[in-house]
file start-v6.cif (mmCIF, C-alpha atoms)
data_coords
#
loop_
_atom_site.label_atom_id
_atom_site.label_comp_id
_atom_site.auth_asym_id
_atom_site.auth_seq_id
_atom_site.Cartn_x
_atom_site.Cartn_y
_atom_site.Cartn_z
CA MET A 1 -1.02 -28.84 -11.95
CA SER A 2 -2.07 -27.23 -8.69
CA ASN A 3 -3.53 -23.77 -8.44
CA TRP A 4 -3.49 -21.49 -5.45
CA PHE A 5 -6.68 -20.04 -4.03
CA MET A 6 -7.50 -17.71 -1.19
CA LEU A 7 -10.34 -19.34 0.68
CA THR A 8 -12.24 -17.00 3.00
CA LEU A 9 -14.85 -18.34 5.39
CA VAL A 10 -17.08 -16.22 7.60
CA GLY A 11 -19.81 -17.19 10.02
CA LYS A 12 -20.93 -17.60 13.58
CA ASP A 13 -18.18 -19.02 15.74
CA ARG A 14 -18.45 -22.50 17.20
CA ALA A 15 -16.02 -25.18 18.32
CA GLY A 16 -14.47 -27.44 15.67
CA ILE A 17 -14.74 -25.28 12.53
CA VAL A 18 -11.03 -25.32 11.71
CA ALA A 19 -10.71 -29.07 12.20
CA GLN A 20 -13.72 -29.87 10.01
CA ILE A 21 -12.70 -27.52 7.21
CA THR A 22 -9.05 -28.59 7.11
CA THR A 23 -10.00 -32.27 7.22
CA THR A 24 -12.31 -31.79 4.24
CA LEU A 25 -9.56 -29.93 2.39
CA PHE A 26 -7.07 -32.68 3.15
CA GLU A 27 -9.48 -35.39 2.01
CA ASN A 28 -9.79 -33.53 -1.28
CA ASN A 29 -6.03 -33.46 -1.85
CA CYS A 30 -5.62 -29.81 -1.01
CA ASN A 31 -2.44 -28.42 0.47
CA LEU A 32 -2.53 -25.52 2.89
CA GLY A 33 -0.22 -22.54 2.73
CA GLU A 34 -0.54 -19.80 5.31
CA ALA A 35 -3.67 -19.15 7.33
CA SER A 36 -5.01 -16.44 9.57
CA MET A 37 -8.05 -16.95 11.76
CA MET A 38 -9.80 -14.22 13.66
CA ARG A 39 -12.64 -14.31 16.12
CA LEU A 40 -14.44 -11.03 16.58
CA GLY A 41 -17.52 -10.53 18.71
CA GLY A 42 -18.66 -14.15 18.44
CA ASN A 43 -18.03 -14.27 14.70
CA PHE A 44 -15.50 -16.51 13.03
CA SER A 45 -13.38 -15.74 10.00
CA ILE A 46 -10.43 -17.41 8.38
CA MET A 47 -8.30 -16.77 5.33
CA LEU A 48 -6.53 -19.87 4.06
CA MET A 49 -4.11 -20.22 1.18
CA VAL A 50 -5.10 -23.47 -0.48
CA SER A 51 -3.41 -25.31 -3.30
CA TYR A 52 -5.88 -27.45 -5.28
CA GLN A 53 -5.77 -29.28 -8.59
CA GLY A 54 -9.16 -28.17 -9.84
CA ASP A 55 -10.81 -24.80 -10.32
CA ALA A 56 -12.55 -22.50 -7.84
CA LYS A 57 -16.00 -23.88 -8.62
CA ALA A 58 -14.91 -27.46 -8.00
CA LEU A 59 -13.26 -26.46 -4.72
CA LYS A 60 -16.44 -24.71 -3.59
CA ASN A 61 -18.50 -27.81 -4.42
CA ARG A 62 -16.14 -30.02 -2.48
CA LEU A 63 -16.48 -27.81 0.55
CA ALA A 64 -20.24 -27.29 0.27
CA PRO A 65 -21.29 -30.15 2.60
CA VAL A 66 -19.17 -28.84 5.45
CA THR A 67 -19.76 -25.12 4.87
CA ASP A 68 -23.52 -25.74 4.67
CA ARG A 69 -23.45 -27.77 7.86
CA LEU A 70 -21.49 -25.05 9.70
CA ALA A 71 -23.48 -22.22 8.06
CA LEU A 72 -20.32 -20.53 6.80
CA LYS A 73 -20.20 -18.03 3.96
CA ILE A 74 -17.52 -18.99 1.50
CA HIS A 75 -15.48 -16.89 -0.88
CA ILE A 76 -12.76 -18.20 -3.19
CA ASP A 77 -10.29 -16.22 -5.29
CA ALA A 78 -7.57 -17.54 -7.55
CA ILE A 79 -4.31 -16.02 -6.32
CA GLU A 80 -0.61 -15.97 -6.93
CA ALA A 81 0.85 -17.76 -3.95
CA LYS A 82 3.24 -15.45 -2.23
CA LEU A 83 4.84 -17.76 0.25
CA HIS A 84 8.29 -16.95 1.58
CA GLN A 85 7.90 -13.24 1.01
CA HIS A 86 7.17 -11.89 4.45
CA VAL A 87 7.54 -8.18 4.88
CA ILE A 88 9.18 -7.31 8.19
CA PRO A 89 7.51 -4.38 9.96
CA ASP A 90 9.81 -1.71 11.33
CA VAL A 91 7.39 0.34 13.35
CA ARG A 92 4.58 -0.21 15.78
CA ILE A 93 1.91 2.27 16.78
CA SER A 94 -0.48 2.00 19.69
CA VAL A 95 -3.57 4.14 20.04
CA LEU A 96 -5.45 4.31 23.32
CA GLY A 97 -8.35 6.51 24.12
CA ALA A 98 -11.99 7.02 24.95
CA ASP A 99 -14.04 5.38 22.22
CA ARG A 100 -15.51 7.81 19.73
CA ALA A 101 -16.33 7.85 16.04
CA GLY A 102 -13.50 8.64 13.65
CA ILE A 103 -10.41 7.61 15.63
CA VAL A 104 -9.26 4.97 13.15
CA SER A 105 -9.92 7.17 10.16
CA GLN A 106 -8.10 10.13 11.68
CA VAL A 107 -5.07 8.16 12.85
CA THR A 108 -4.63 5.94 9.80
CA SER A 109 -5.10 8.82 7.34
CA ALA A 110 -2.44 10.91 9.06
CA LEU A 111 -0.06 7.95 9.19
CA SER A 112 -0.73 6.95 5.61
CA ASP A 113 0.07 10.50 4.44
CA ALA A 114 3.31 10.27 6.42
CA GLY A 115 4.34 7.10 4.60
CA LEU A 116 3.05 4.22 6.71
CA ASP A 117 2.28 0.95 4.95
CA ILE A 118 0.03 -0.94 7.40
CA LEU A 119 0.88 -4.64 7.61
CA ASP A 120 -1.19 -5.53 10.64
CA LEU A 121 -3.99 -3.84 12.54
CA GLU A 122 -5.92 -5.03 15.52
CA SER A 123 -8.27 -3.16 17.75
CA ASP A 124 -10.44 -3.83 20.76
CA VAL A 125 -13.07 -1.95 22.66
CA GLY A 126 -12.55 -2.47 26.37
CA GLY A 127 -13.52 -0.46 29.41
CA SER A 128 -17.11 -0.44 30.64
CA GLN A 129 -20.42 0.07 28.85
CA ASP A 130 -20.72 3.67 29.89
CA LYS A 131 -17.03 4.43 29.45
CA PRO A 132 -15.74 2.37 26.52
CA LEU A 133 -12.02 2.39 25.88
CA TYR A 134 -10.60 2.03 22.40
CA ILE A 135 -7.25 0.24 21.98
CA MET A 136 -5.58 -0.25 18.61
CA HIS A 137 -2.24 -1.69 17.60
CA ILE A 138 -0.77 -1.19 14.17
CA GLU A 139 2.41 -2.62 12.73
CA GLY A 140 3.82 -1.40 9.49
CA ARG A 141 6.63 -0.27 7.32
CA ALA A 142 7.77 3.34 7.52
CA ILE A 143 8.32 3.98 3.82
CA LYS A 144 9.56 7.55 4.35
CA GLY A 145 11.36 6.78 7.62
CA ILE A 146 10.27 7.21 11.22
CA GLU A 147 10.54 11.01 11.49
CA PRO A 148 7.50 11.89 9.32
CA LEU A 149 5.43 9.40 11.33
CA GLU A 150 6.55 10.99 14.58
CA SER A 151 5.55 14.43 13.34
CA ALA A 152 2.18 13.06 12.23
CA ILE A 153 1.65 11.54 15.67
CA THR A 154 2.49 14.79 17.43
CA GLN A 155 -0.25 16.41 15.33
CA ILE A 156 -2.92 13.83 16.18
CA ARG A 157 -2.02 13.36 19.81
CA SER A 158 -4.47 15.13 22.08
CA ASN A 159 -5.71 14.81 25.60
CA LYS A 160 -8.32 12.36 24.33
CA ILE A 161 -6.12 10.14 22.13
CA ASP A 162 -2.89 8.68 23.37
CA VAL A 163 -0.72 7.62 20.42
CA HIS A 164 2.69 6.01 20.76
CA LEU A 165 5.19 4.96 18.16
CA SER A 166 8.01 2.53 18.77
CA PRO A 167 10.50 1.27 16.22
CA ILE A 168 10.68 -2.51 15.83
CA GLU A 169 14.25 -3.64 15.45
CA THR A 170 14.27 -7.25 14.35
CA MET A 171 17.41 -9.08 15.40
CA ILE A 172 18.30 -11.71 12.79
CA ALA A 173 21.22 -13.85 13.88
CA MET B 1 38.55 -17.40 3.55
CA THR B 2 35.40 -19.36 2.82
CA THR B 3 31.84 -19.05 3.88
CA TYR B 4 29.84 -21.99 5.12
CA GLU B 5 26.33 -22.96 4.22
CA ILE B 6 23.87 -22.23 7.03
CA ILE B 7 21.95 -25.30 8.07
CA LYS B 8 18.23 -24.85 8.49
CA TYR B 9 15.60 -26.04 10.91
CA PRO B 10 14.47 -28.88 11.24
CA ASP B 11 18.04 -30.18 10.83
CA GLU B 12 18.72 -32.29 13.94
CA ARG B 13 22.19 -30.75 14.32
CA LEU B 14 20.53 -27.53 15.50
CA LYS B 15 18.98 -29.44 18.42
CA SER B 16 22.12 -30.88 20.01
CA ILE B 17 24.14 -29.51 22.90
CA ALA B 18 27.51 -28.32 21.64
CA GLU B 19 30.83 -29.50 23.08
CA PRO B 20 33.23 -27.14 24.83
CA VAL B 21 36.35 -26.09 22.93
CA GLY B 22 39.54 -27.58 24.42
CA LYS B 23 42.26 -26.52 22.01
CA PHE B 24 42.95 -22.91 21.07
CA ASP B 25 45.05 -23.55 17.98
CA ASP B 26 45.43 -22.36 14.39
CA ASN B 27 42.59 -24.62 13.25
CA LEU B 28 40.28 -22.84 15.64
CA ARG B 29 41.48 -19.42 14.46
CA LYS B 30 41.00 -20.39 10.80
CA PHE B 31 37.51 -21.62 11.64
CA LEU B 32 36.72 -18.30 13.35
CA VAL B 33 37.73 -16.34 10.23
CA ASP B 34 35.36 -18.41 8.10
CA LEU B 35 32.56 -18.33 10.68
CA GLU B 36 32.85 -14.54 10.85
CA ALA B 37 32.74 -14.24 7.05
CA THR B 38 29.61 -16.43 7.04
CA MET B 39 28.01 -14.17 9.65
CA TYR B 40 28.64 -10.97 7.70
CA ALA B 41 27.36 -12.61 4.50
CA GLY B 42 24.03 -13.44 6.18
CA PRO B 43 20.82 -11.38 6.11
CA GLY B 44 21.18 -10.11 9.66
CA GLY B 45 24.93 -10.18 10.02
CA VAL B 46 24.87 -9.55 13.77
CA GLY B 47 25.57 -13.02 15.15
CA ILE B 48 26.32 -16.62 14.36
CA ALA B 49 26.90 -19.82 16.31
CA ALA B 50 29.01 -22.81 15.20
CA PRO B 51 26.05 -25.26 15.26
CA GLN B 52 24.44 -23.14 12.52
CA ILE B 53 27.07 -24.39 10.09
CA GLY B 54 26.96 -27.90 11.54
CA LYS B 55 29.94 -27.68 13.88
CA ASN B 56 29.01 -28.97 17.30
CA GLN B 57 31.25 -26.69 19.36
CA ARG B 58 30.61 -23.93 21.86
CA ILE B 59 31.66 -21.07 19.60
CA ALA B 60 29.70 -17.95 18.68
CA ILE B 61 30.42 -14.53 17.26
CA VAL B 62 28.33 -11.42 17.94
CA ASP B 63 28.79 -8.02 16.35
CA VAL B 64 25.86 -5.61 16.45
CA SER B 65 27.86 -2.57 15.32
CA SER B 66 26.03 -2.53 11.95
CA MET B 67 22.75 -2.01 13.84
CA ALA B 68 24.36 0.69 15.97
CA LYS B 69 25.22 2.65 12.82
CA ARG B 70 21.56 2.59 11.87
CA ALA B 71 20.34 3.53 15.35
CA ARG B 72 18.92 6.99 15.86
CA LYS B 73 20.82 9.66 17.70
CA ASN B 74 18.29 9.91 20.51
CA ARG B 75 18.41 6.16 21.11
CA PRO B 76 22.02 5.01 20.71
CA LEU B 77 22.69 1.30 20.72
CA LYS B 78 25.37 0.30 23.22
CA HIS B 79 27.79 -2.31 21.96
CA GLN B 80 31.37 -3.50 22.14
CA GLY B 81 32.05 -4.37 18.51
CA LYS B 82 32.95 -7.91 17.53
CA MET B 83 32.89 -10.44 20.36
CA VAL B 84 34.31 -13.90 19.82
CA LEU B 85 32.58 -16.08 22.39
CA ILE B 86 34.18 -19.46 23.05
CA ASN B 87 32.71 -21.62 25.82
CA PRO B 88 30.57 -18.64 26.90
CA GLU B 89 28.73 -18.67 30.17
CA ILE B 90 26.19 -16.11 31.29
CA ILE B 91 26.70 -15.47 34.98
CA GLU B 92 24.23 -12.65 35.61
CA TRP B 93 20.85 -11.76 34.21
CA GLU B 94 18.95 -8.53 34.85
CA GLY B 95 15.53 -7.32 33.76
CA MET B 96 13.33 -8.64 30.99
CA ALA B 97 12.53 -7.29 27.57
CA ILE B 98 10.38 -8.48 24.73
CA GLY B 99 11.78 -8.04 21.25
CA ARG B 100 11.53 -9.37 17.76
CA GLU B 101 13.94 -11.98 16.47
CA GLY B 102 14.65 -13.93 13.35
CA CYS B 103 17.32 -16.50 12.59
CA MET B 104 19.39 -17.49 9.57
CA SER B 105 18.50 -21.10 10.41
CA VAL B 106 14.75 -20.31 10.32
CA PRO B 107 14.41 -18.14 7.20
CA ASP B 108 11.44 -15.91 6.48
CA TYR B 109 9.96 -16.05 9.97
CA THR B 110 10.13 -13.61 12.87
CA GLY B 111 8.50 -13.43 16.27
CA ASN B 112 8.65 -12.03 19.77
CA VAL B 113 10.95 -13.50 22.38
CA ILE B 114 11.58 -12.50 26.01
CA ARG B 115 15.23 -12.04 26.94
CA ALA B 116 17.16 -10.59 29.84
CA GLU B 117 17.70 -6.86 29.32
CA LYS B 118 21.24 -6.95 30.69
CA ILE B 119 23.67 -9.83 31.07
CA THR B 120 27.20 -10.45 32.30
CA LEU B 121 29.11 -13.31 30.75
CA ASN B 122 32.48 -14.96 30.70
CA ALA B 123 33.93 -16.38 27.48
CA TYR B 124 37.27 -17.26 25.97
CA ASN B 125 38.67 -15.44 22.97
CA ALA B 126 40.56 -16.94 20.02
CA LYS B 127 43.82 -16.98 22.01
CA GLY B 128 42.22 -18.86 24.89
CA GLU B 129 42.16 -15.85 27.22
CA GLN B 130 39.14 -15.50 29.47
CA GLN B 131 37.15 -12.31 28.96
CA SER B 132 34.24 -10.80 30.80
CA TYR B 133 31.50 -8.80 29.08
CA THR B 134 28.47 -6.88 30.21
CA CYS B 135 25.89 -6.43 27.46
CA GLU B 136 22.53 -4.76 27.32
CA GLY B 137 19.59 -4.29 25.00
CA PHE B 138 20.01 -5.43 21.42
CA GLU B 139 23.52 -6.77 22.02
CA ALA B 140 22.41 -8.76 25.08
CA ARG B 141 19.58 -10.19 22.97
CA ALA B 142 22.00 -11.28 20.23
CA VAL B 143 24.34 -12.94 22.75
CA GLN B 144 21.47 -14.85 24.38
CA HIS B 145 20.17 -15.94 20.96
CA GLU B 146 23.63 -17.30 20.02
CA ILE B 147 24.28 -19.03 23.34
CA ASP B 148 20.89 -20.73 22.94
CA HIS B 149 22.21 -22.26 19.69
CA LEU B 150 25.02 -23.85 21.73
CA ASP B 151 22.37 -25.49 23.90
CA GLY B 152 20.29 -26.74 20.99
CA LEU B 153 17.64 -24.04 21.35
CA LEU B 154 16.18 -21.83 18.65
CA PHE B 155 14.20 -18.62 19.07
CA ILE B 156 11.10 -20.50 17.91
CA ASP B 157 11.43 -22.61 21.06
CA ARG B 158 11.01 -19.42 23.10
CA LEU B 159 8.45 -17.65 20.96
CA VAL B 160 5.83 -15.82 23.01
CA SER B 161 3.88 -14.45 20.07
CA ARG B 162 4.18 -13.34 16.50
CA ARG B 163 3.08 -9.75 16.88
CA ASN B 164 1.00 -7.21 18.74
CA ASP B 165 2.42 -7.51 22.19
CA LEU B 166 2.11 -4.68 24.58
CA PHE B 167 5.72 -3.74 24.53
CA ARG B 168 6.89 -0.22 24.68
CA ARG B 169 10.51 0.68 24.51
CA LYS B 170 12.14 2.68 27.21
CA THR B 171 12.51 6.25 26.15
CA LYS B 172 15.43 8.18 27.44
#
call {"tool": "encode", "arguments": {"input": "start-v6.cif", "output": "structure tokens"}}
result
Amino acid sequence: MSNWFMLTLVGKDRAGIVAQITTTLFENNCNLGEASMMRLGGNFSIMLMVSYQGDAKALKNRLAPVTDRLALKIHIDAIEAKLHQHVIPDVRISVLGADRAGIVSQVTSALSDAGLDILDLESDVGGSQDKPLYIMHIEGRAIKGIEPLESAITQIRSNKIDVHLSPIETMIA
Amino acid sequence: MTTYEIIKYPDERLKSIAEPVGKFDDNLRKFLVDLEATMYAGPGGVGIAAPQIGKNQRIAIVDVSSMAKRARKNRPLKHQGKMVLINPEIIEWEGMAIGREGCMSVPDYTGNVIRAEKITLNAYNAKGEQQSYTCEGFEARAVQHEIDHLDGLLFIDRLVSRRNDLFRRKTK
């Protein structure tokens, strides 16, 4: 019987990590579910849903030669595979502003209180060294509807933070 | 009235170019009743194309009125109710918009696709009369999605990204 695991790998980014890891997994009779890779500031991370016949320890041992060679930190959790259960976001929020401490905390706390379930968050610091610009995009589910989120945004919006909300209407045909 | 089973990608029948309809008879009208019932039974219920049930003909139905009912007062969704589109042909395209789509033939997957914001099209109705429509926004998106099915194209062929695009809706 196969078990599902969430395999998380973190380390310094370099070319060929994904190919080497997935080849090793394939050679050890693993099946891949969904995956999400992210590269942030020269660092690599990936979360992979892996189906494997053995236990977490055996999987880690099988991967050890390649994770050692690539100097990747490895973390494995037994999970319930939740394939085919995507949650469709219905709202998107963008935050733009001069970079300063506390933006994410302030914005996400206000939105969370107003019923936002965050499904996806991504942020970048752009601009120049002396004038950094913070840009964040959030997608989520408005559990209490859009109106409470709009009121929350009106509260947080200031001349220093530019927050916009737009509904996402997914057309399924 | 019966409902058909929706065929799913990677079924080859979704990749073929559909044939124009030549005969506007009772068989066609019976088929339209069943196709419509299949559309309303689906998860989106706003559009369907004949190739999605394995019939290789240039027939689609679009009805976004259910979305219009859910639209907010300050952003009404323009639509013209149920449109039966036989041998449809888009003759004018205007503007571009990015928006999120899914498809009954590609379950449990959504992504961003660029479509014309406004289109004008000609199509025949069930009686074989030629009609002209101008659609915009969500309705235009649905029509383009369905006409793509008639040309063997799925939204995943036009995917620009899964998420996080810099799109901002027009506010009125």
call {"tool": "resolve_selection", "arguments": {"input": "start-v6.cif", "expression": "the PyMOL selection byres ((chain A) within 10 of (chain B))", "output": "VMD selection string"}}
result
chain A and resid 83 to 89 92 to 94 120 to 122 136 to 139 146 164 to 173
call {"tool": "write_last_selection", "arguments": {"input": "start-v6.cif", "atoms": "C-alpha atoms", "output": "short mmCIF file (atom, residue, chain, number, x, y, z; two decimals), in the coordinates of the input"}}
result
data_model
loop_
_atom_site.label_atom_id
_atom_site.label_comp_id
_atom_site.auth_asym_id
_atom_site.auth_seq_id
_atom_site.Cartn_x
_atom_site.Cartn_y
_atom_site.Cartn_z
CA LEU A 83 4.84 -17.76 0.25
CA HIS A 84 8.29 -16.95 1.58
CA GLN A 85 7.90 -13.24 1.01
CA HIS A 86 7.17 -11.89 4.45
CA VAL A 87 7.54 -8.18 4.88
CA ILE A 88 9.18 -7.31 8.19
CA PRO A 89 7.51 -4.38 9.96
CA ARG A 92 4.58 -0.21 15.78
CA ILE A 93 1.91 2.27 16.78
CA SER A 94 -0.48 2.00 19.69
CA ASP A 120 -1.19 -5.53 10.64
CA LEU A 121 -3.99 -3.84 12.54
CA GLU A 122 -5.92 -5.03 15.52
CA MET A 136 -5.58 -0.25 18.61
CA HIS A 137 -2.24 -1.69 17.60
CA ILE A 138 -0.77 -1.19 14.17
CA GLU A 139 2.41 -2.62 12.73
CA ILE A 146 10.27 7.21 11.22
CA HIS A 164 2.69 6.01 20.76
CA LEU A 165 5.19 4.96 18.16
CA SER A 166 8.01 2.53 18.77
CA PRO A 167 10.50 1.27 16.22
CA ILE A 168 10.68 -2.51 15.83
CA GLU A 169 14.25 -3.64 15.45
CA THR A 170 14.27 -7.25 14.35
CA MET A 171 17.41 -9.08 15.40
CA ILE A 172 18.30 -11.71 12.79
CA ALA A 173 21.22 -13.85 13.88
#
call {"tool": "atom_distance", "arguments": {"input": "start-v6.cif", "atom1": "atom CA of A:Leu72", "atom2": "atom CA of A:Phe44"}}
result
8.8 Å
call {"tool": "closest_atom_pairs", "arguments": {"input": "start-v6.cif", "of": "stretch 21-53 of chain A", "to": "stretch 65-69 of chain A", "cutoff": "10 Å", "atoms": "all atoms listed in the file", "output": "Markdown table"}}
result
| residue | atom | partner | partner_atom | distance |
| --- | --- | --- | --- | --- |
| A:Ile21 | CA | A:Val66 | CA | 6.8 |
| A:Thr23 | CA | A:Val66 | CA | 9.9 |
| A:Thr24 | CA | A:Val66 | CA | 7.6 |
call {"tool": "resolve_selection", "arguments": {"input": "start-v6.cif", "expression": "the PyMOL selection byres ((chain B and resi 19) around 6)", "output": "JSON, numbers by chain"}}
result
{"B": [18, 20, 57, 58]}
call {"tool": "resolve_selection", "arguments": {"input": "start-v6.cif", "expression": "the PyMOL selection byres ((chain B and resi 152) around 7)", "output": "ChimeraX atom specification"}}
result
/B:14-17,148-151,153-154
call {"tool": "residues_around", "arguments": {"input": "start-v6.cif", "residues": "A:Asp124", "least_positions_apart": "6", "cutoff": "9 Å", "atoms": "only C-alpha atoms", "output": "number ranges by chain"}}
result
A: 133-136
call {"tool": "atom_distance", "arguments": {"input": "start-v6.cif", "atom1": "atom CA of A:Ile79", "atom2": "atom CA of A:Tyr52"}}
result
11.6 Å
call {"tool": "atom_distance", "arguments": {"input": "start-v6.cif", "atom1": "atom CA of B:Ile6", "atom2": "atom CA of B:Ser65"}}
result
21.7 Å
call {"tool": "residues_around", "arguments": {"input": "start-v6.cif", "residues": "B:Glu117", "least_positions_apart": "4", "cutoff": "9 Å", "atoms": "only C-alpha atoms", "output": "PyMOL selection string"}}
result
chain B and resi 93-98+135-138+140-141
call {"tool": "write_last_selection", "arguments": {"input": "start-v6.cif", "atoms": "C-alpha atoms", "output": "JSON list (two decimals), in the frame of the given file"}}
result
[["chain", "number", "residue", "atom", "x", "y", "z"],
["B", 93, "TRP", "CA", 20.85, -11.76, 34.21],
["B", 94, "GLU", "CA", 18.95, -8.53, 34.85],
["B", 95, "GLY", "CA", 15.53, -7.32, 33.76],
["B", 96, "MET", "CA", 13.33, -8.64, 30.99],
["B", 97, "ALA", "CA", 12.53, -7.29, 27.57],
["B", 98, "ILE", "CA", 10.38, -8.48, 24.73],
["B", 135, "CYS", "CA", 25.89, -6.43, 27.46],
["B", 136, "GLU", "CA", 22.53, -4.76, 27.32],
["B", 137, "GLY", "CA", 19.59, -4.29, 25.00],
["B", 138, "PHE", "CA", 20.01, -5.43, 21.42],
["B", 140, "ALA", "CA", 22.41, -8.76, 25.08],
["B", 141, "ARG", "CA", 19.58, -10.19, 22.97]]
call {"tool": "closest_atom_pairs", "arguments": {"input": "start-v6.cif", "of": "stretch 69-136 of chain A", "to": "stretch 6-10 of chain A", "cutoff": "8 Å", "atoms": "only C-alpha atoms", "output": "JSON lines"}}
result
{"residue": "A:Leu72", "atom": "CA", "partner": "A:Val10", "partner_atom": "CA", "distance": 5.5}
{"residue": "A:Lys73", "atom": "CA", "partner": "A:Val10", "partner_atom": "CA", "distance": 5.1}
{"residue": "A:Ile74", "atom": "CA", "partner": "A:Leu9", "partner_atom": "CA", "distance": 4.8}
{"residue": "A:His75", "atom": "CA", "partner": "A:Thr8", "partner_atom": "CA", "distance": 5.1}
{"residue": "A:Ile76", "atom": "CA", "partner": "A:Leu7", "partner_atom": "CA", "distance": 4.7}
{"residue": "A:Asp77", "atom": "CA", "partner": "A:Met6", "partner_atom": "CA", "distance": 5.2}
{"residue": "A:Ala78", "atom": "CA", "partner": "A:Met6", "partner_atom": "CA", "distance": 6.4}
{"residue": "A:Ile79", "atom": "CA", "partner": "A:Met6", "partner_atom": "CA", "distance": 6.3}
call {"tool": "residues_around", "arguments": {"input": "start-v6.cif", "residues": "A:Gly97", "least_positions_apart": "6", "cutoff": "12 Å", "atoms": "only C-alpha atoms", "output": "list in words"}}
result
Ile103, Val104, Val107, Ser123, Asp124, Val125, Gly126, Gly127, Lys131, Pro132, Leu133, Tyr134, Ile135, Met136, Arg157, Ser158, Asn159, Lys160, Ile161, Asp162, Val163 and His164 of chain A
call {"tool": "closest_residue", "arguments": {"input": "start-v6.cif", "among": "A:Leu59, A:Ile153, A:Leu32, A:Ala114", "to": "A:Met47", "atoms": "all atoms listed in the file"}}
result
A:Leu32
call {"tool": "decode", "arguments": {"input": "start-v6.cif", "residues": "stretch 73-78 of chain B", "atoms": "all heavy atoms", "output": "PDB file, in the first residue's frame"}}
result
ATOM      1  N   LYS B  73     -24.533  45.128  -7.254  1.00  0.00           N
ATOM      2  CA  LYS B  73     -25.279  46.235  -7.857  1.00  0.00           C
ATOM      3  C   LYS B  73     -24.375  47.263  -8.529  1.00  0.00           C
ATOM      4  O   LYS B  73     -24.700  47.792  -9.582  1.00  0.00           O
ATOM      5  CB  LYS B  73     -26.145  46.921  -6.799  1.00  0.00           C
ATOM      6  CG  LYS B  73     -27.379  46.102  -6.458  1.00  0.00           C
ATOM      7  CD  LYS B  73     -28.311  46.872  -5.539  1.00  0.00           C
ATOM      8  CE  LYS B  73     -29.356  45.950  -4.960  1.00  0.00           C
ATOM      9  NZ  LYS B  73     -29.255  45.769  -3.523  1.00  0.00           N
ATOM     10  N   ASN B  74     -23.220  47.515  -7.905  1.00  0.00           N
ATOM     11  CA  ASN B  74     -22.344  48.547  -8.473  1.00  0.00           C
ATOM     12  C   ASN B  74     -21.540  48.051  -9.675  1.00  0.00           C
ATOM     13  O   ASN B  74     -20.850  48.812 -10.324  1.00  0.00           O
ATOM     14  CB  ASN B  74     -21.413  49.124  -7.396  1.00  0.00           C
ATOM     15  CG  ASN B  74     -20.537  48.068  -6.748  1.00  0.00           C
ATOM     16  OD1 ASN B  74     -20.718  46.870  -6.975  1.00  0.00           O
ATOM     17  ND2 ASN B  74     -19.581  48.505  -5.943  1.00  0.00           N
ATOM     18  N   ARG B  75     -21.592  46.724  -9.924  1.00  0.00           N
ATOM     19  CA  ARG B  75     -20.893  46.205 -11.101  1.00  0.00           C
ATOM     20  C   ARG B  75     -21.798  45.215 -11.837  1.00  0.00           C
ATOM     21  O   ARG B  75     -21.579  44.007 -11.796  1.00  0.00           O
ATOM     22  CB  ARG B  75     -19.585  45.521 -10.700  1.00  0.00           C
ATOM     23  CG  ARG B  75     -18.524  46.522 -10.225  1.00  0.00           C
ATOM     24  CD  ARG B  75     -17.139  45.914 -10.173  1.00  0.00           C
ATOM     25  NE  ARG B  75     -17.157  44.534  -9.720  1.00  0.00           N
ATOM     26  CZ  ARG B  75     -16.869  43.501 -10.502  1.00  0.00           C
ATOM     27  NH1 ARG B  75     -16.569  43.661 -11.765  1.00  0.00           N
ATOM     28  NH2 ARG B  75     -16.881  42.287 -10.010  1.00  0.00           N
ATOM     29  N   PRO B  76     -22.858  45.693 -12.461  1.00  0.00           N
ATOM     30  CA  PRO B  76     -23.787  44.774 -13.121  1.00  0.00           C
ATOM     31  C   PRO B  76     -23.124  44.038 -14.277  1.00  0.00           C
ATOM     32  O   PRO B  76     -22.184  44.559 -14.890  1.00  0.00           O
ATOM     33  CB  PRO B  76     -24.902  45.701 -13.617  1.00  0.00           C
ATOM     34  CG  PRO B  76     -24.300  47.042 -13.690  1.00  0.00           C
ATOM     35  CD  PRO B  76     -23.218  47.100 -12.655  1.00  0.00           C
ATOM     36  N   LEU B  77     -23.587  42.838 -14.510  1.00  0.00           N
ATOM     37  CA  LEU B  77     -23.014  42.018 -15.575  1.00  0.00           C
ATOM     38  C   LEU B  77     -23.972  42.079 -16.769  1.00  0.00           C
ATOM     39  O   LEU B  77     -25.128  41.677 -16.676  1.00  0.00           O
ATOM     40  CB  LEU B  77     -22.875  40.594 -15.029  1.00  0.00           C
ATOM     41  CG  LEU B  77     -22.038  39.573 -15.782  1.00  0.00           C
ATOM     42  CD1 LEU B  77     -21.476  38.566 -14.807  1.00  0.00           C
ATOM     43  CD2 LEU B  77     -22.857  38.863 -16.828  1.00  0.00           C
ATOM     44  N   LYS B  78     -23.468  42.608 -17.884  1.00  0.00           N
ATOM     45  CA  LYS B  78     -24.325  42.741 -19.066  1.00  0.00           C
ATOM     46  C   LYS B  78     -24.465  41.387 -19.755  1.00  0.00           C
ATOM     47  O   LYS B  78     -23.470  40.698 -19.956  1.00  0.00           O
ATOM     48  CB  LYS B  78     -23.694  43.728 -20.049  1.00  0.00           C
ATOM     49  CG  LYS B  78     -23.879  45.165 -19.651  1.00  0.00           C
ATOM     50  CD  LYS B  78     -23.437  46.085 -20.782  1.00  0.00           C
ATOM     51  CE  LYS B  78     -23.300  47.513 -20.269  1.00  0.00           C
ATOM     52  NZ  LYS B  78     -22.601  48.357 -21.235  1.00  0.00           N
TER      53      LYS B  78
END
